[in-house]
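Here is the structure we will look at.
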Amino acid sequence: MNEQSLAWCGSFFMDTKFDHTKIEDEIYQKWQNDGVFSPEKSFEIRKKAGLEVKNENFSVLMPPPNANAALHCGHATYAIQDLMARYKRMCGFKTLYLPGVDHAGFETQVVYERKLKKEGKSRFDFDRQTLFNNILEFVKQNSDVAVNQLRKIGMSADWDRTVFMLDDRVVNTVYDTFERMYKEGLVYRSDYLVNYSPFHGTTFSNLETTHIEQKDPLYYIKYGPFVLATVRPETKFGDTAVAVNPKDERYKEWIGKEIEVEGLVGIFKLKVIADSYVDPEFGTGVVKVTPAHDPADFEAGLRHGLEAISVIGLDGRLNQLCGKYAGMKVLEARKAIAEDLRNAGLLVKVDETYTHNIVVDYKDHKPIEPMLLPNWFIKMDGLSKEALKAVREGKVKFNKPTWKKQMITWLENTRDWPVSRQIVFGIRIPVWYSYTENPSMHVVFIDEKGISHDGKLSELIKQGFSLSQVIEGLQKLIAPKDAKFIVSRISPGEDFIQDTDTFDTWFSSGQWPLTTLHYPNGEDFKEYYPTSFMDSMWDILFFWLARMLMFGMYLGKQVPFKQVYVHGRIDDEFGRKMSKSLGNVIDPLEYIAKYGADALRMGILVGGNTSAKNTSLSEAKVKGYRNFANKLWNMARFTIMMIDSLEGTLPDINNILDLTEEDKLMMGNLEKTVKSVTKHIDKLRFQLAGDEVYQFVWHDVADKYIELVKNREGEEKTKGLVILKHVMLTCIKLLHPFMPFVTEAIWENLDKDNKVCLALSEWPK
RNA sequence: GGGCGGUUAGCUCAGUUGGUUAGAGCACCGCGUUUACAUCGCGGGGGUCAUUGGUUCGAGUCCAUUACCGCCCACCA
């Protein structure tokens with residue numbers, strides 16, 4: 001035992017209880033000082049010590065935790081990545097575990113806006129740049145919290161390589177990608193029916209929306225010669241056709257004819273179209289078609305060449321096309337219009353029992369208004385095709401067939417990806433509009449006195465504001481859909497204003513394997529791409545894993561990771577999802593403080609099946625594994641005590657002969673356990689691996705073999721202790737990826753001649 | 001509407017080539033202060049493996065059916 005290790009064990013090792021609080025931080029510091037987490041350093045250390053080193057790398061990227069909050073229980077699943085990294089490192093692979101932090105654009109902004117609200121402020125009180133800087137400051141404070149908490153769990157990540165999503169280098173790579181895609185025709189700006197949230201003031205991709213069931217009145221209204229059913233009479237001013245099913249005999253004669261509809265604000269002339277998307281069984285079998293405010297109608301509009309007329313504005317209110325209803329909020333207008341239709345004798349009946357699914361955002365479940373807005377889009381066909389091919393060919397393996405199936409289905413059905421978000425916190429879209437060429441741009445800005453101005457840029461200039469004044473206090477810019485623009489990351493000249501939209505978070509995090517490894521010319525990229533292992537929960541299978549696959553194939557020309565491990569959600573002890581409203585949220589830091597990181601890790605890795613859809617965690621479980629850590633500790637203590645009470649030195653395991661039947665059995669079982677545990681980990685069956693060592697250590701070694709050796713005398717006892725020591729050393733190696741702290745502490749005390757720390761010792765064979 | 005999971009002890013779950021009497025942890029009951037550990041030891045109770053049917057010498061395990069629970073995707077006004 002060397003001086004350094006004495007410092008943190010010493011008399012402490014005589015304690016009958018294992019106190020994790022006394023050693024965890026110190027051991028972590030020691031690993032870090034020794035260079036255990038650096039692939040290069042740890043590789044050299046093993047080489048020098050004469051331990052096996054492989055010619056192959058093992059690399060795993062840490063899914064960057066959101067920088068907007070402290071860690072939650074889900075982050076405890078990072079133990080899976082750490083288990084793999086530690087295991088592979090011990091097997092002799094040059095192992096890189098690369099950490100990072102995400103800016104989590106939209107989510108962070110939502111969190112920050114809630115904070116502002118508490119202070120009686122809102123995002124509208126700040127110009128764009130100031131708001132961005134404030135949020136960035138907020139994030140920087142929190143990302144330290146997140147990183148330090150990850151250290152507490154024992155992550156053997158190379159922190160010197162930590163990447164933040166808004167690092168200049170990352171942002172530049174993201175810009176490179178956008179520019180390249182633009183040059184290759186994969187980027188376009190278009191009016192498209194997007195999911196717009198009047199509440200959040202931004203667009204969402206399809207993935208960021210969800211459906212909830214809701215009861216709404218279904219209005220049967222007279223519509224020219226027809227009666228039709230609708231829940232949205234307020235969109236009637238944007239109707240540009242009426243549709244029926246082509247097979248519907250009732251309306252066959254009307255197809256292709258023009259009808260006149262007496263509206264509440266004049267008379268509409270509409271064409272009757274036939275389209276199979278109409279269900280003859282629903283309502284009366286007649287549908288009003290509103291391409292600008294309904295996804296199905298939008299598609300139908302494209303098929304039939306219909307005009308799309310927007311009647312709802314970004315503020316969620318009806319616009320000037322709606323006559324006296326202009327300025328009303330959607331629901332308000334709906335009621336008013338229904339009432340007026342009733343009074344005009346145009347309302348046939350109302351079905352109050354009608355339930356249907358409405359689209360809401362995934363975060364706050366606020367209603368989504370489908371809107372026709374100019375947005376930046378990425379063409380998905382080519383990108384998804386390459387990713388699909390790689391998945392089908394097995395270039396990337398999945399821990400369960402169902403994830404592969406889901407991935408294939410999603411990649412087969414991708415739609416173009418709207419990547420612009422109308423939020424401030426993110427990577428700003430590198431596109432500039434010239435004022436001279438686009439005088440009709442709409443801007444919102446705050447002047448020096450803090451007064452907000454909103455209007456056409458040319459008008460505001462006429463009023464005496466200078467362009468630089470506008471740019472200085474700029475909040476929002478809306479360029480017309482046919483605006484002329486230049487793609488550039490720096491200003492092309494004084495006449496230009498940059499787009500105020502930012503990229504969808506997943507546009508940058510989708511490039512994570514590339515940016516973290518310094519694509520395209522960095523050493524790490526050459527050395528560690530494609531990465532070996534990627535662990536993530538199923539909730540971001542499409543958001544993130546699919547996007548990484550696409551960017552990986554597009555830029556890196558290879559899959560970004562060879563093995564995907566999809567883990568389950570951590571639920572509470574009754575299998576319920578953790579939620580604030582249920583009050584069943586477990587704070588991982590609390591359990592670490594109380595029972596130790598080792599116990600928490602075991603609770604996740606062995607107490608449940610991480611690859612199941614959901615897995616439950618409970619205090620009782622973690623406590624049980626804390627007991628196991630204590631058991632292990634005392635087994636080691638007792639072994640050392642028995643060895644110390646012997647006279648003379650302990651013979652080498654290779655020099656002992658004439659083993660008893662019990663000794664042979666022990667050695668045989670040990671060998672079986674080593675083989676089985678190794679196989680289980682190789683097959684990613686962590687629970688079975690961990691449980692097997694647990695059972696072996698506790699019930700074979702402690703309950704039986706130690707009891708046996710304890711009662712021996714003389715030479716028999718000496719031999720037994722030689723074997724016991726060997727068994728203990730082997731077991732703590734097997735357990736190290738699961739319980740790094742207690743095993744490392746035992747190693748220092750049990751093997752006084754150790755050349756390297758346990759984290760760099762050789763995996764038993 | 002399409003697709004996918006799950007159902008094994010009071011609770012959380014294992015059971016990965018179909019093969020003795022179905023296991024673990026926690027909880028429960030009884031006993032126990034031995035050279036470590038009471039965060040321990042020894043012993044014990046408790047399951048018609050959701051339903052029904054099939055394949056098989058043999059089914060918790062494979063196939064089909066039903067029921068219940070849950071998830072994902074989706075443009076039914």
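All residue names refer to the structure tokens as shown: chains lettered A, B, ... in order, residues numbered from 1 in each chain, ligands numbered from 1 in order.
Residues from chain A that have an atom within 6 Å of chain B, counting only C-alpha atoms (C1' of nucleotides), are A:Thr230, A:Val287, A:Pro295, A:Ala296, A:Asn627, A:Lys631, A:Asn634, A:Phe638.
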| task | Using only C-alpha atoms (C1' of nucleotides), determine which residues lie at most 9 Å from B:G60, disregarding the query and same-chain residues fewer than 3 positions distant; provide the list as an MDAnalysis selection string. | result | chainID B and resid 8 15 22 49
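Those residues that approach A:Gly105 to within 6 Å, counting only C-alpha atoms (C1' of nucleotides), are Phe425, Gly426 and Thr505 of chain A; same-chain residues fewer than 5 positions away are not listed.
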Residue subset to file, keeping N, CA and C atoms, as a tab-separated table (two decimals), in the first residue's frame:
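Result file is again.tsv:
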chain	number	residue	atom	x	y	z
A	425	PHE	N	-33.14	31.65	-28.11
A	425	PHE	CA	-32.02	30.89	-27.58
A	425	PHE	C	-31.68	29.69	-28.47
A	426	GLY	N	-30.69	29.90	-29.30
A	426	GLY	CA	-30.26	28.83	-30.18
A	426	GLY	C	-29.25	29.37	-31.16
A	505	THR	N	-33.30	22.75	-32.08
A	505	THR	CA	-32.24	22.15	-31.25
A	505	THR	C	-31.64	20.90	-31.88
| request: Would you please give, as number ranges by chain, all residues of stretch 257-387 of chain A that DSSP assigns to alpha helix (DSSP H) based on the backbone? | output: A: 295-304, 330-343, 381-387
Residues from the last selection, N, CA, C and O atoms, saved as a CSV table (one decimal), in the first residue's frame:
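Saved as result.csv:
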chain,number,residue,atom,x,y,z
A,295,PRO,N,-54.1,20.5,-41.9
A,295,PRO,CA,-53.1,19.7,-42.6
A,295,PRO,C,-53.7,18.9,-43.7
A,295,PRO,O,-53.2,18.8,-44.8
A,296,ALA,N,-54.8,18.2,-43.4
A,296,ALA,CA,-55.4,17.3,-44.5
A,296,ALA,C,-55.9,18.2,-45.6
A,296,ALA,O,-55.8,17.8,-46.8
A,297,ASP,N,-56.5,19.3,-45.3
A,297,ASP,CA,-57.0,20.2,-46.4
A,297,ASP,C,-55.8,20.8,-47.2
A,297,ASP,O,-55.9,21.0,-48.4
A,298,PHE,N,-54.7,21.0,-46.5
A,298,PHE,CA,-53.6,21.6,-47.2
A,298,PHE,C,-53.1,20.6,-48.2
A,298,PHE,O,-52.8,21.0,-49.4
A,299,GLU,N,-53.0,19.3,-47.8
A,299,GLU,CA,-52.6,18.3,-48.8
A,299,GLU,C,-53.6,18.2,-50.0
A,299,GLU,O,-53.2,18.1,-51.1
A,300,ALA,N,-54.8,18.2,-49.6
A,300,ALA,CA,-55.9,18.2,-50.6
A,300,ALA,C,-55.8,19.4,-51.6
A,300,ALA,O,-55.9,19.3,-52.8
A,301,GLY,N,-55.4,20.5,-51.0
A,301,GLY,CA,-55.3,21.8,-51.8
A,301,GLY,C,-54.1,21.6,-52.8
A,301,GLY,O,-54.3,22.0,-53.9
A,302,LEU,N,-53.0,21.0,-52.3
A,302,LEU,CA,-51.9,20.7,-53.3
A,302,LEU,C,-52.3,19.8,-54.4
A,302,LEU,O,-52.0,20.1,-55.5
A,303,ARG,N,-53.1,18.8,-54.0
A,303,ARG,CA,-53.5,17.9,-55.1
A,303,ARG,C,-54.5,18.5,-56.1
A,303,ARG,O,-54.5,18.2,-57.3
A,304,HIS,N,-55.3,19.4,-55.7
A,304,HIS,CA,-56.3,20.0,-56.5
A,304,HIS,C,-56.0,21.4,-57.0
A,304,HIS,O,-56.8,22.1,-57.6
A,330,VAL,N,-59.5,32.9,-31.6
A,330,VAL,CA,-60.2,31.8,-32.3
A,330,VAL,C,-61.4,31.2,-31.6
A,330,VAL,O,-62.5,31.1,-32.2
A,331,LEU,N,-61.3,30.9,-30.3
A,331,LEU,CA,-62.5,30.3,-29.6
A,331,LEU,C,-63.6,31.3,-29.5
A,331,LEU,O,-64.8,30.9,-29.6
A,332,GLU,N,-63.3,32.5,-29.3
A,332,GLU,CA,-64.2,33.6,-29.1
A,332,GLU,C,-65.0,33.7,-30.5
A,332,GLU,O,-66.3,33.8,-30.5
A,333,ALA,N,-64.3,33.7,-31.5
A,333,ALA,CA,-64.9,33.9,-32.9
A,333,ALA,C,-65.8,32.7,-33.2
A,333,ALA,O,-66.8,32.8,-33.7
A,334,ARG,N,-65.3,31.5,-32.7
A,334,ARG,CA,-66.1,30.3,-33.0
A,334,ARG,C,-67.5,30.4,-32.4
A,334,ARG,O,-68.5,30.1,-33.0
A,335,LYS,N,-67.5,30.8,-31.2
A,335,LYS,CA,-68.8,31.0,-30.5
A,335,LYS,C,-69.7,32.0,-31.2
A,335,LYS,O,-70.9,31.8,-31.4
A,336,ALA,N,-69.1,33.2,-31.5
A,336,ALA,CA,-69.8,34.3,-32.1
A,336,ALA,C,-70.4,33.8,-33.4
A,336,ALA,O,-71.6,34.1,-33.8
A,337,ILE,N,-69.5,33.1,-34.2
A,337,ILE,CA,-70.0,32.7,-35.5
A,337,ILE,C,-71.1,31.7,-35.4
A,337,ILE,O,-72.1,31.7,-36.2
A,338,ALA,N,-70.9,30.7,-34.5
A,338,ALA,CA,-72.0,29.7,-34.3
A,338,ALA,C,-73.3,30.4,-34.0
A,338,ALA,O,-74.4,30.0,-34.5
A,339,GLU,N,-73.2,31.4,-33.1
A,339,GLU,CA,-74.4,32.1,-32.7
A,339,GLU,C,-75.1,32.8,-33.9
A,339,GLU,O,-76.3,32.7,-34.1
A,340,ASP,N,-74.2,33.5,-34.7
A,340,ASP,CA,-74.7,34.2,-35.8
A,340,ASP,C,-75.3,33.3,-36.9
A,340,ASP,O,-76.3,33.6,-37.6
A,341,LEU,N,-74.7,32.1,-37.0
A,341,LEU,CA,-75.2,31.1,-38.0
A,341,LEU,C,-76.6,30.6,-37.6
A,341,LEU,O,-77.5,30.5,-38.3
A,342,ARG,N,-76.7,30.5,-36.3
A,342,ARG,CA,-78.0,30.0,-35.7
A,342,ARG,C,-79.1,31.1,-36.0
A,342,ARG,O,-80.1,30.7,-36.5
A,343,ASN,N,-78.7,32.3,-35.7
A,343,ASN,CA,-79.7,33.4,-36.0
A,343,ASN,C,-80.0,33.5,-37.4
A,343,ASN,O,-81.1,33.9,-37.8
A,381,ASP,N,-35.6,13.4,-48.2
A,381,ASP,CA,-35.5,12.2,-49.0
A,381,ASP,C,-34.2,11.5,-49.1
A,381,ASP,O,-34.0,10.4,-48.7
A,382,GLY,N,-33.2,12.3,-49.5
A,382,GLY,CA,-31.9,11.7,-49.7
A,382,GLY,C,-31.2,11.3,-48.4
A,382,GLY,O,-30.6,10.3,-48.2
A,383,LEU,N,-31.4,12.2,-47.4
A,383,LEU,CA,-30.8,12.0,-46.1
A,383,LEU,C,-31.4,10.7,-45.4
A,383,LEU,O,-30.6,9.9,-44.9
A,384,SER,N,-32.7,10.6,-45.4
A,384,SER,CA,-33.3,9.4,-44.8
A,384,SER,C,-33.0,8.2,-45.5
A,384,SER,O,-32.9,7.1,-44.9
A,385,LYS,N,-32.8,8.3,-46.8
A,385,LYS,CA,-32.6,7.1,-47.6
A,385,LYS,C,-31.2,6.4,-47.2
A,385,LYS,O,-31.1,5.2,-47.1
A,386,GLU,N,-30.2,7.3,-47.1
A,386,GLU,CA,-28.9,6.8,-46.7
A,386,GLU,C,-28.9,6.1,-45.3
A,386,GLU,O,-28.4,5.1,-45.1
A,387,ALA,N,-29.6,6.8,-44.4
A,387,ALA,CA,-29.7,6.3,-43.0
A,387,ALA,C,-30.5,5.0,-43.0
A,387,ALA,O,-30.1,4.0,-42.4
| task | Based on DSSP run over this structure's backbone, return all residues of stretch 310-548 of chain A in strand (DSSP E or B), as a ChimeraX atom specification. | result | /A:312,317-318,329,347-351,355-361,367,369-378,397-398,417-418,420-421,428,431-434,442-446,452-456,474-478,485-487,496-498,502-503,531-537
| request: Using atom CA of A:Asp598 and atom CA of A:Pro740 as the two end points, give the distance in Å to one decimal. | output: 6.7 Å
| query | Counting only C-alpha atoms (C1' of nucleotides), what is within 12 Å of B:U34, bar same-chain residues fewer than 6 positions away, as number ranges by chain? | reply | A: 707, 710-711; B: 41
| field | Distance query stretch 563-576 of chain A at most 6 Å, only C-alpha atoms (C1' of nucleotides), self and fewer than 2 positions along chain excluded, as number ranges by chain | value | A: 396-399, 533-538, 561, 578, 610-618
| Within 12 Å of stretch 458-460 of chain A, counting only C-alpha atoms (C1' of nucleotides), which residues qualify if same-chain residues fewer than 6 places away don't, as a list in words? | Ser434, Tyr435, Thr436, Glu437, Asn438, Pro439, Ser440, Met441, His442, Val443, Val444, Phe445, Asp447, Ser452, Ser466, Leu467, Gln469 and Val470 of chain A
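The interatomic distance for the pair atom CA of A:Phe741 and atom CA of A:Pro65 works out to 23.2 Å.
Every protein or nucleic acid residue with an atom no more than 8 Å from A:His211, counting only C-alpha atoms (C1' of nucleotides) and leaving out same-chain residues fewer than 4 positions away, appears here: Asn357, Ile358, Val359 and Val360 of chain A.
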Please produce an output containing N, CA and C atoms for each residue in the selection, written as a PDB file, in the first residue's frame.
ATOM      1  N   ASN A 357     -59.378  14.198 -31.584  1.00  0.00           N
ATOM      2  CA  ASN A 357     -58.012  14.488 -31.174  1.00  0.00           C
ATOM      3  C   ASN A 357     -57.581  15.853 -31.698  1.00  0.00           C
ATOM      4  N   ILE A 358     -57.023  16.654 -30.824  1.00  0.00           N
ATOM      5  CA  ILE A 358     -56.484  17.914 -31.300  1.00  0.00           C
ATOM      6  C   ILE A 358     -54.968  17.929 -31.120  1.00  0.00           C
ATOM      7  N   VAL A 359     -54.320  18.751 -31.892  1.00  0.00           N
ATOM      8  CA  VAL A 359     -52.857  18.825 -31.862  1.00  0.00           C
ATOM      9  C   VAL A 359     -52.433  19.868 -30.836  1.00  0.00           C
ATOM     10  N   VAL A 360     -51.490  19.483 -29.988  1.00  0.00           N
ATOM     11  CA  VAL A 360     -50.965  20.402 -28.978  1.00  0.00           C
ATOM     12  C   VAL A 360     -49.441  20.261 -28.946  1.00  0.00           C
TER      13      VAL A 360
END
| task | Tell me, in Å to one decimal, how far atom CA of A:Ser581 is from atom CA of A:Glu208. | result | 22.1 Å
